[in-house]
file data-v3.pdb (PDB, C-alpha atoms and all ligand atoms)
ATOM      1  CA  MET A   1      -1.562   9.102 -23.009
ATOM      2  CA  SER A   2       0.464   5.988 -23.716
ATOM      3  CA  THR A   3      -1.115   2.556 -23.748
ATOM      4  CA  ASP A   4       0.867   1.600 -20.646
ATOM      5  CA  LYS A   5      -0.470   4.534 -18.677
ATOM      6  CA  MET A   6      -4.001   3.918 -19.821
ATOM      7  CA  MET A   7      -3.711   0.358 -18.633
ATOM      8  CA  TYR A   8      -2.313   1.539 -15.340
ATOM      9  CA  PHE A   9      -5.237   3.842 -14.704
ATOM     10  CA  GLY A  10      -7.697   1.297 -15.973
ATOM     11  CA  MET A  11      -6.628  -1.600 -13.798
ATOM     12  CA  PHE A  12      -6.931  -2.148 -10.140
ATOM     13  CA  ILE A  13      -6.569  -5.581  -8.729
ATOM     14  CA  LEU A  14      -7.488  -6.365  -5.180
ATOM     15  CA  LEU A  15      -5.944  -9.611  -4.100
ATOM     16  CA  GLN A  16      -7.435 -10.992  -0.972
ATOM     17  CA  VAL A  17      -5.253 -13.520   0.747
ATOM     18  CA  LEU A  18      -7.797 -14.973   3.113
ATOM     19  CA  THR A  19     -10.951 -14.631   1.060
ATOM     20  CA  PRO A  20     -10.152 -15.346  -2.548
ATOM     21  CA  VAL A  21     -13.584 -14.305  -3.768
ATOM     22  CA  VAL A  22     -14.650 -10.684  -3.470
ATOM     23  CA  THR A  23     -18.237 -10.820  -2.329
ATOM     24  CA  GLN A  24     -18.788  -7.294  -1.106
ATOM     25  CA  ARG A  25     -18.576  -4.075  -3.033
ATOM     26  CA  VAL A  26     -15.268  -2.334  -2.680
ATOM     27  CA  ARG A  27     -15.263   1.410  -2.329
ATOM     28  CA  MET A  28     -11.654   2.459  -2.220
ATOM     29  CA  CYS A  29     -10.899   5.877  -0.723
ATOM     30  CA  TYR A  30      -7.500   7.459  -1.176
ATOM     31  CA  TYR A  31      -5.908   9.841   1.322
ATOM     32  CA  THR A  32      -2.691  11.673   0.511
ATOM     33  CA  SER A  33      -0.487  13.170   3.218
ATOM     34  CA  TRP A  34       0.122  16.309   1.154
ATOM     35  CA  SER A  35      -3.553  17.259   1.291
ATOM     36  CA  GLN A  36      -3.534  17.576   5.074
ATOM     37  CA  SER A  37      -3.609  21.387   5.175
ATOM     38  CA  ARG A  38      -6.967  21.347   3.375
ATOM     39  CA  PHE A  39      -8.342  17.938   4.227
ATOM     40  CA  ARG A  40      -7.654  16.135   7.481
ATOM     41  CA  PRO A  41      -8.261  12.504   8.360
ATOM     42  CA  SER A  42     -11.122  13.698  10.579
ATOM     43  CA  ASP A  43     -12.823  15.090   7.444
ATOM     44  CA  ILE A  44     -13.134  11.569   5.977
ATOM     45  CA  ASP A  45     -16.561   9.991   6.319
ATOM     46  CA  ALA A  46     -15.358   6.491   7.177
ATOM     47  CA  THR A  47     -18.810   4.987   6.663
ATOM     48  CA  LEU A  48     -18.603   5.769   2.922
ATOM     49  CA  CYS A  49     -15.425   3.733   2.374
ATOM     50  CA  THR A  50     -14.787  -0.001   2.588
ATOM     51  CA  HIS A  51     -11.028   0.657   2.236
ATOM     52  CA  ILE A  52      -8.833   3.682   2.743
ATOM     53  CA  ILE A  53      -5.425   3.829   1.107
ATOM     54  CA  TYR A  54      -2.943   6.123   2.823
ATOM     55  CA  ALA A  55      -0.309   7.556   0.480
ATOM     56  CA  PHE A  56       2.651   7.361   0.680
ATOM     57  CA  ALA A  57       5.380   5.474   2.436
ATOM     58  CA  HIS A  58       8.714   4.937   0.726
ATOM     59  CA  VAL A  59      11.012   1.939   0.534
ATOM     60  CA  ASN A  60      14.182   2.088   2.600
ATOM     61  CA  SER A  61      16.277  -0.186   0.411
ATOM     62  CA  VAL A  62      19.255  -0.102   2.796
ATOM     63  CA  ASP A  63      17.342  -1.666   5.685
ATOM     64  CA  ASN A  64      14.753  -3.461   3.478
ATOM     65  CA  THR A  65      11.827  -1.810   5.179
ATOM     66  CA  LEU A  66       9.272   0.958   4.839
ATOM     67  CA  ALA A  67      10.010   4.579   5.661
ATOM     68  CA  THR A  68       7.883   7.600   6.443
ATOM     69  CA  VAL A  69       7.967  10.558   4.067
ATOM     70  CA  ARG A  70       6.406  13.506   5.948
ATOM     71  CA  TYR A  71       7.392  14.770   9.374
ATOM     72  CA  ASN A  72       3.981  13.870  10.811
ATOM     73  CA  ASP A  73       3.215  10.650   8.941
ATOM     74  CA  LEU A  74       3.008   8.671  12.188
ATOM     75  CA  GLU A  75       0.341  11.031  13.524
ATOM     76  CA  LEU A  76      -1.551  10.763  10.238
ATOM     77  CA  TYR A  77      -1.234   6.953  10.216
ATOM     78  CA  ASN A  78      -2.780   6.929  13.649
ATOM     79  CA  ASN A  79      -5.559   9.345  12.764
ATOM     80  CA  VAL A  80      -6.493   7.455   9.597
ATOM     81  CA  THR A  81      -6.414   3.974  11.180
ATOM     82  CA  SER A  82      -8.431   5.348  14.114
ATOM     83  CA  LEU A  83     -11.322   5.798  11.675
ATOM     84  CA  LYS A  84     -11.887   2.042  12.136
ATOM     85  CA  ALA A  85     -13.641   3.007  15.381
ATOM     86  CA  LYS A  86     -16.361   4.617  13.231
ATOM     87  CA  ASN A  87     -16.521   1.747  10.738
ATOM     88  CA  PRO A  88     -15.391  -1.594  12.201
ATOM     89  CA  ASP A  89     -15.306  -3.215   8.723
ATOM     90  CA  LEU A  90     -12.980  -0.570   7.351
ATOM     91  CA  LYS A  91      -9.620  -1.789   6.009
ATOM     92  CA  VAL A  92      -6.780   0.695   5.874
ATOM     93  CA  LEU A  93      -3.910   0.041   3.476
ATOM     94  CA  LEU A  94      -0.591   1.783   3.298
ATOM     95  CA  ALA A  95       0.548   2.697  -0.199
ATOM     96  CA  VAL A  96       4.259   2.427  -0.853
ATOM     97  CA  GLY A  97       5.926   4.214  -3.728
ATOM     98  CA  GLY A  98       4.211   6.798  -5.873
ATOM     99  CA  PHE A  99       5.267   8.799  -8.875
ATOM    100  CA  ASN A 100       7.969  10.833  -7.097
ATOM    101  CA  PHE A 101       9.500   7.737  -5.549
ATOM    102  CA  GLY A 102       9.730   6.030  -8.927
ATOM    103  CA  SER A 103      11.191   2.597  -9.556
ATOM    104  CA  ALA A 104      14.777   2.518  -8.278
ATOM    105  CA  GLY A 105      13.890   1.849  -4.629
ATOM    106  CA  PHE A 106      11.688  -1.080  -5.623
ATOM    107  CA  ILE A 107      14.239  -2.495  -8.027
ATOM    108  CA  ALA A 108      16.910  -2.469  -5.298
ATOM    109  CA  ILE A 109      14.734  -4.840  -3.244
ATOM    110  CA  ALA A 110      12.976  -6.815  -5.948
ATOM    111  CA  GLN A 111      16.083  -7.873  -7.832
ATOM    112  CA  ASP A 112      17.151  -9.972  -4.859
ATOM    113  CA  ASP A 113      14.866 -12.681  -3.451
ATOM    114  CA  LYS A 114      16.548 -12.540  -0.047
ATOM    115  CA  LYS A 115      15.942  -8.808   0.206
ATOM    116  CA  THR A 116      12.363  -9.270  -0.975
ATOM    117  CA  THR A 117      11.701 -11.781   1.788
ATOM    118  CA  LEU A 118      13.318  -9.550   4.422
ATOM    119  CA  PHE A 119      11.285  -6.662   3.105
ATOM    120  CA  ALA A 120       8.057  -8.695   3.328
ATOM    121  CA  ASP A 121       8.895  -9.613   6.955
ATOM    122  CA  ASN A 122       9.578  -6.014   7.835
ATOM    123  CA  VAL A 123       6.469  -4.806   6.048
ATOM    124  CA  VAL A 124       4.293  -7.151   8.090
ATOM    125  CA  ASN A 125       5.815  -5.833  11.316
ATOM    126  CA  TYR A 126       5.457  -2.253  10.171
ATOM    127  CA  LEU A 127       1.805  -2.747   9.181
ATOM    128  CA  ARG A 128       1.004  -4.420  12.496
ATOM    129  CA  GLN A 129       2.799  -1.759  14.492
ATOM    130  CA  HIS A 130       0.819   1.008  12.809
ATOM    131  CA  ARG A 131      -2.495  -0.899  12.606
ATOM    132  CA  PHE A 132      -2.704  -1.136   8.819
ATOM    133  CA  ASP A 133      -4.488  -4.056   7.163
ATOM    134  CA  GLY A 134      -2.412  -4.337   4.042
ATOM    135  CA  LEU A 135      -0.004  -2.869   1.586
ATOM    136  CA  ASP A 136      -0.712  -1.214  -1.744
ATOM    137  CA  VAL A 137       2.375  -1.504  -3.928
ATOM    138  CA  ASP A 138       2.400   1.610  -6.056
ATOM    139  CA  TRP A 139       5.415   0.992  -8.254
ATOM    140  CA  GLU A 140       5.350   3.741 -10.879
ATOM    141  CA  PHE A 141       6.058   2.256 -13.295
ATOM    142  CA  PRO A 142       7.440  -1.149 -14.112
ATOM    143  CA  SER A 143       8.966  -1.044 -17.576
ATOM    144  CA  PRO A 144       9.547  -3.784 -20.124
ATOM    145  CA  SER A 145      13.120  -4.149 -18.786
ATOM    146  CA  THR A 146      11.977  -4.563 -15.147
ATOM    147  CA  ARG A 147       9.004  -6.732 -16.021
ATOM    148  CA  GLY A 148      10.617  -9.933 -14.737
ATOM    149  CA  ILE A 149      11.623  -8.647 -11.318
ATOM    150  CA  TYR A 150       8.311  -6.815 -10.934
ATOM    151  CA  GLN A 151       6.430 -10.052 -11.519
ATOM    152  CA  ARG A 152       8.724 -11.894  -9.118
ATOM    153  CA  PHE A 153       8.170  -9.206  -6.472
ATOM    154  CA  VAL A 154       4.394  -9.502  -6.862
ATOM    155  CA  GLN A 155       4.646 -13.300  -6.720
ATOM    156  CA  VAL A 156       6.694 -13.279  -3.495
ATOM    157  CA  GLY A 157       4.387 -10.684  -1.945
ATOM    158  CA  ARG A 158       1.294 -12.706  -2.798
ATOM    159  CA  SER A 159       2.647 -16.033  -1.623
ATOM    160  CA  TYR A 160       4.158 -14.692   1.549
ATOM    161  CA  GLU A 161       2.763 -16.848   4.369
ATOM    162  CA  VAL A 162       3.082 -14.283   7.141
ATOM    163  CA  PHE A 163       0.491 -12.103   5.476
ATOM    164  CA  HIS A 164      -2.069 -14.689   6.547
ATOM    165  CA  PHE A 165      -1.424 -13.931  10.203
ATOM    166  CA  VAL A 166      -2.261 -10.269   9.871
ATOM    167  CA  GLU A 167      -5.279 -11.093   7.728
ATOM    168  CA  SER A 168      -3.934  -8.616   5.262
ATOM    169  CA  ARG A 169      -5.683  -7.658   2.141
ATOM    170  CA  ILE A 170      -2.935  -6.877  -0.257
ATOM    171  CA  ALA A 171      -3.634  -4.710  -3.218
ATOM    172  CA  PHE A 172      -1.156  -4.578  -6.022
ATOM    173  CA  GLN A 173      -1.716  -1.679  -8.288
ATOM    174  CA  GLY A 174       0.283  -1.735 -11.427
ATOM    175  CA  VAL A 175       0.670  -2.350 -15.077
ATOM    176  CA  ILE A 176      -0.188  -5.814 -16.250
ATOM    177  CA  MET A 177       2.315  -6.629 -18.932
TER     178      MET A 177
HETATM  179  C1  LIG A 201      -4.863  13.800  14.817
HETATM  180  O1  LIG A 201      -5.802  13.532  15.823
HETATM  181  C2  LIG A 201      -5.619  14.317  16.999
HETATM  182  C3  LIG A 201      -6.631  13.804  18.035
HETATM  183  O2  LIG A 201      -7.935  13.882  17.520
HETATM  184  C4  LIG A 201      -5.820  15.775  16.639
HETATM  185  O3  LIG A 201      -5.597  16.593  17.788
HETATM  186  C5  LIG A 201      -4.801  16.164  15.555
HETATM  187  O4  LIG A 201      -5.014  17.504  15.147
HETATM  188  C6  LIG A 201      -4.952  15.238  14.365
HETATM  189  N1  LIG A 201      -3.873  15.546  13.408
HETATM  190  C7  LIG A 201      -4.112  15.792  12.128
HETATM  191  C8  LIG A 201      -2.903  16.142  11.291
HETATM  192  O5  LIG A 201      -5.212  15.768  11.609
END
call {"tool": "encode", "arguments": {"input": "data-v3.pdb", "output": "structure tokens", "more": "lines below"}}
Ligand SMILES: *[C@@H]1O[C@H](CO)[C@@H](O)[C@H](O)[C@H]1NC(C)=O
result
Amino acid sequence: MSTDKMMYFGMFILLQVLTPVVTQRVRMCYYTSWSQSRFRPSDIDATLCTHIIYAFAHVNSVDNTLATVRYNDLELYNNVTSLKAKNPDLKVLLAVGGFNFGSAGFIAIAQDDKKTTLFADNVVNYLRQHRFDGLDVDWEFPSPSTRGIYQRFVQVGRSYEVFHFVESRIAFQGVIM
């Protein structure tokens, strides 16, 4: 395993916009849409998780927004976010990217500040519409040559004022370079 990959697996940063200090224990649960034939959202014990990450959405870099991947993602979004009824403190994050999606879709947005801002606007609307509490940017993987735009993308995402209105908790998962 390369050093980069080891760092990737070893690091998880939860950035909380509203509450800068993490006071409670975080127990992150991860649900993937491709496991649905064996494991449904209703099989998740929501009381065991403080956060659920739903994987994955993709980036639509033509319209600067998020896109579904599976035919029934919207149903799964709804079923996972509905688990908040069983655990009112539960935060559900939508993961964008993933290994199969790779880097190109992120680069198309992140290399342009205007697109990044449009994307952030659209993400907030998308998260609100589907009752998510935040976004987990799963850019696999930033490389030394995309380091600058990756850092800029993270910086814009973190500083984006509108995230305050949705009380988002934004997790950025990635290589620290
Ligand atoms: C989503 O929830 C509805 C209502 O409980 C249920 O009928 C449906 O089977 C669930 N879908 C999946 C993919 O788990």
call {"tool": "resolve_selection", "arguments": {"input": "data-v3.pdb", "expression": "the PyMOL selection byres (((chain A and resi 57) around 7) and not hetatm)", "output": "list in words"}}
result
Ala55, Phe56, His58, Val59, Leu66, Ala67, Thr68, Val69, Ala95, Val96 and Gly97 of chain A
call {"tool": "closest_residue", "arguments": {"input": "data-v3.pdb", "among": "A:His51, A:Arg70, A:Arg147, A:Arg25", "to": "ligand LIG 201 (chain A)", "atoms": "all atoms listed in the file"}}
result
A:Arg70
call {"tool": "residues_near_point", "arguments": {"input": "data-v3.pdb", "point": "(-12.9, 0.0, 9.9)", "cutoff": "12 Å", "atoms": "only C-alpha atoms", "output": "list in words"}}
result
Asp45, Ala46, Thr47, Leu48, Cys49, Thr50, His51, Ile52, Val80, Thr81, Ser82, Leu83, Lys84, Ala85, Lys86, Asn87, Pro88, Asp89, Leu90, Lys91, Val92, Leu93, Arg131, Phe132 and Asp133 of chain A
call {"tool": "write_last_selection", "arguments": {"input": "data-v3.pdb", "atoms": "C-alpha atoms", "output": "short mmCIF file (atom, residue, chain, number, x, y, z; two decimals), keeping the file's coordinate frame"}}
result
data_model
loop_
_atom_site.label_atom_id
_atom_site.label_comp_id
_atom_site.auth_asym_id
_atom_site.auth_seq_id
_atom_site.Cartn_x
_atom_site.Cartn_y
_atom_site.Cartn_z
CA ASP A 45 -16.56 9.99 6.32
CA ALA A 46 -15.36 6.49 7.18
CA THR A 47 -18.81 4.99 6.66
CA LEU A 48 -18.60 5.77 2.92
CA CYS A 49 -15.42 3.73 2.37
CA THR A 50 -14.79 0.00 2.59
CA HIS A 51 -11.03 0.66 2.24
CA ILE A 52 -8.83 3.68 2.74
CA VAL A 80 -6.49 7.46 9.60
CA THR A 81 -6.41 3.97 11.18
CA SER A 82 -8.43 5.35 14.11
CA LEU A 83 -11.32 5.80 11.68
CA LYS A 84 -11.89 2.04 12.14
CA ALA A 85 -13.64 3.01 15.38
CA LYS A 86 -16.36 4.62 13.23
CA ASN A 87 -16.52 1.75 10.74
CA PRO A 88 -15.39 -1.59 12.20
CA ASP A 89 -15.31 -3.22 8.72
CA LEU A 90 -12.98 -0.57 7.35
CA LYS A 91 -9.62 -1.79 6.01
CA VAL A 92 -6.78 0.70 5.87
CA LEU A 93 -3.91 0.04 3.48
CA ARG A 131 -2.50 -0.90 12.61
CA PHE A 132 -2.70 -1.14 8.82
CA ASP A 133 -4.49 -4.06 7.16
#
call {"tool": "axis_aligned_box", "arguments": {"input": "data-v3.pdb", "around": "ligand LIG 201 (chain A)", "padding_each_side": "4 Å", "output": "JSON"}}
result
{"center_x": -5.4, "center_y": 15.5, "center_z": 14.7, "size_x": 13.0, "size_y": 12.0, "size_z": 14.7}
call {"tool": "closest_atom_pairs", "arguments": {"input": "data-v3.pdb", "of": "chain A", "to": "ligand LIG 201 (chain A)", "cutoff": "12 Å", "atoms": "all atoms listed in the file", "output": "Markdown table"}}
result
| residue | atom | partner | partner_atom | distance |
| --- | --- | --- | --- | --- |
| A:Tyr31 | CA | A:LIG201 | O5 | 11.9 |
| A:Thr32 | CA | A:LIG201 | C8 | 11.7 |
| A:Ser33 | CA | A:LIG201 | C8 | 8.9 |
| A:Trp34 | CA | A:LIG201 | C8 | 10.6 |
| A:Ser35 | CA | A:LIG201 | C8 | 10.1 |
| A:Gln36 | CA | A:LIG201 | C8 | 6.4 |
| A:Ser37 | CA | A:LIG201 | C8 | 8.1 |
| A:Arg38 | CA | A:LIG201 | O5 | 10.1 |
| A:Phe39 | CA | A:LIG201 | O5 | 8.3 |
| A:Arg40 | CA | A:LIG201 | O5 | 4.8 |
| A:Pro41 | CA | A:LIG201 | O5 | 5.5 |
| A:Ser42 | CA | A:LIG201 | O5 | 6.3 |
| A:Asp43 | CA | A:LIG201 | O5 | 8.7 |
| A:Ile44 | CA | A:LIG201 | O5 | 10.6 |
| A:Arg70 | CA | A:LIG201 | C8 | 11.1 |
| A:Tyr71 | CA | A:LIG201 | C8 | 10.6 |
| A:Asn72 | CA | A:LIG201 | C8 | 7.3 |
| A:Asp73 | CA | A:LIG201 | C8 | 8.6 |
| A:Leu74 | CA | A:LIG201 | C8 | 9.6 |
| A:Glu75 | CA | A:LIG201 | C1 | 6.0 |
| A:Leu76 | CA | A:LIG201 | C8 | 5.6 |
| A:Tyr77 | CA | A:LIG201 | C1 | 9.0 |
| A:Asn78 | CA | A:LIG201 | C1 | 7.3 |
| A:Asn79 | CA | A:LIG201 | C1 | 5.0 |
| A:Val80 | CA | A:LIG201 | C1 | 8.4 |
| A:Thr81 | CA | A:LIG201 | C1 | 10.6 |
| A:Ser82 | CA | A:LIG201 | O1 | 8.8 |
| A:Leu83 | CA | A:LIG201 | O1 | 10.4 |
call {"tool": "resolve_selection", "arguments": {"input": "data-v3.pdb", "expression": "the PyMOL selection byres (((chain A and resi 109-126) around 6) and not hetatm)", "output": "PyMOL selection string"}}
result
chain A and resi 64-65+106-108+127-129+149+153
call {"tool": "resolve_selection", "arguments": {"input": "data-v3.pdb", "expression": "the PyMOL selection byres (((chain A and resi 139) around 10) and not hetatm)", "output": "PyMOL selection string"}}
result
chain A and resi 95-99+101-107+136-138+140-142+150+172-175
call {"tool": "atom_distance", "arguments": {"input": "data-v3.pdb", "atom1": "CA of Leu135 (chain A)", "atom2": "CA of Asp63 (chain A)"}}
result
17.9 Å
call {"tool": "atom_distance", "arguments": {"input": "data-v3.pdb", "atom1": "CA of His130 (chain A)", "atom2": "CA of Val26 (chain A)"}}
result
22.6 Å
call {"tool": "atom_distance", "arguments": {"input": "data-v3.pdb", "atom1": "CA of Ile53 (chain A)", "atom2": "CA of Gly157 (chain A)"}}
result
17.8 Å
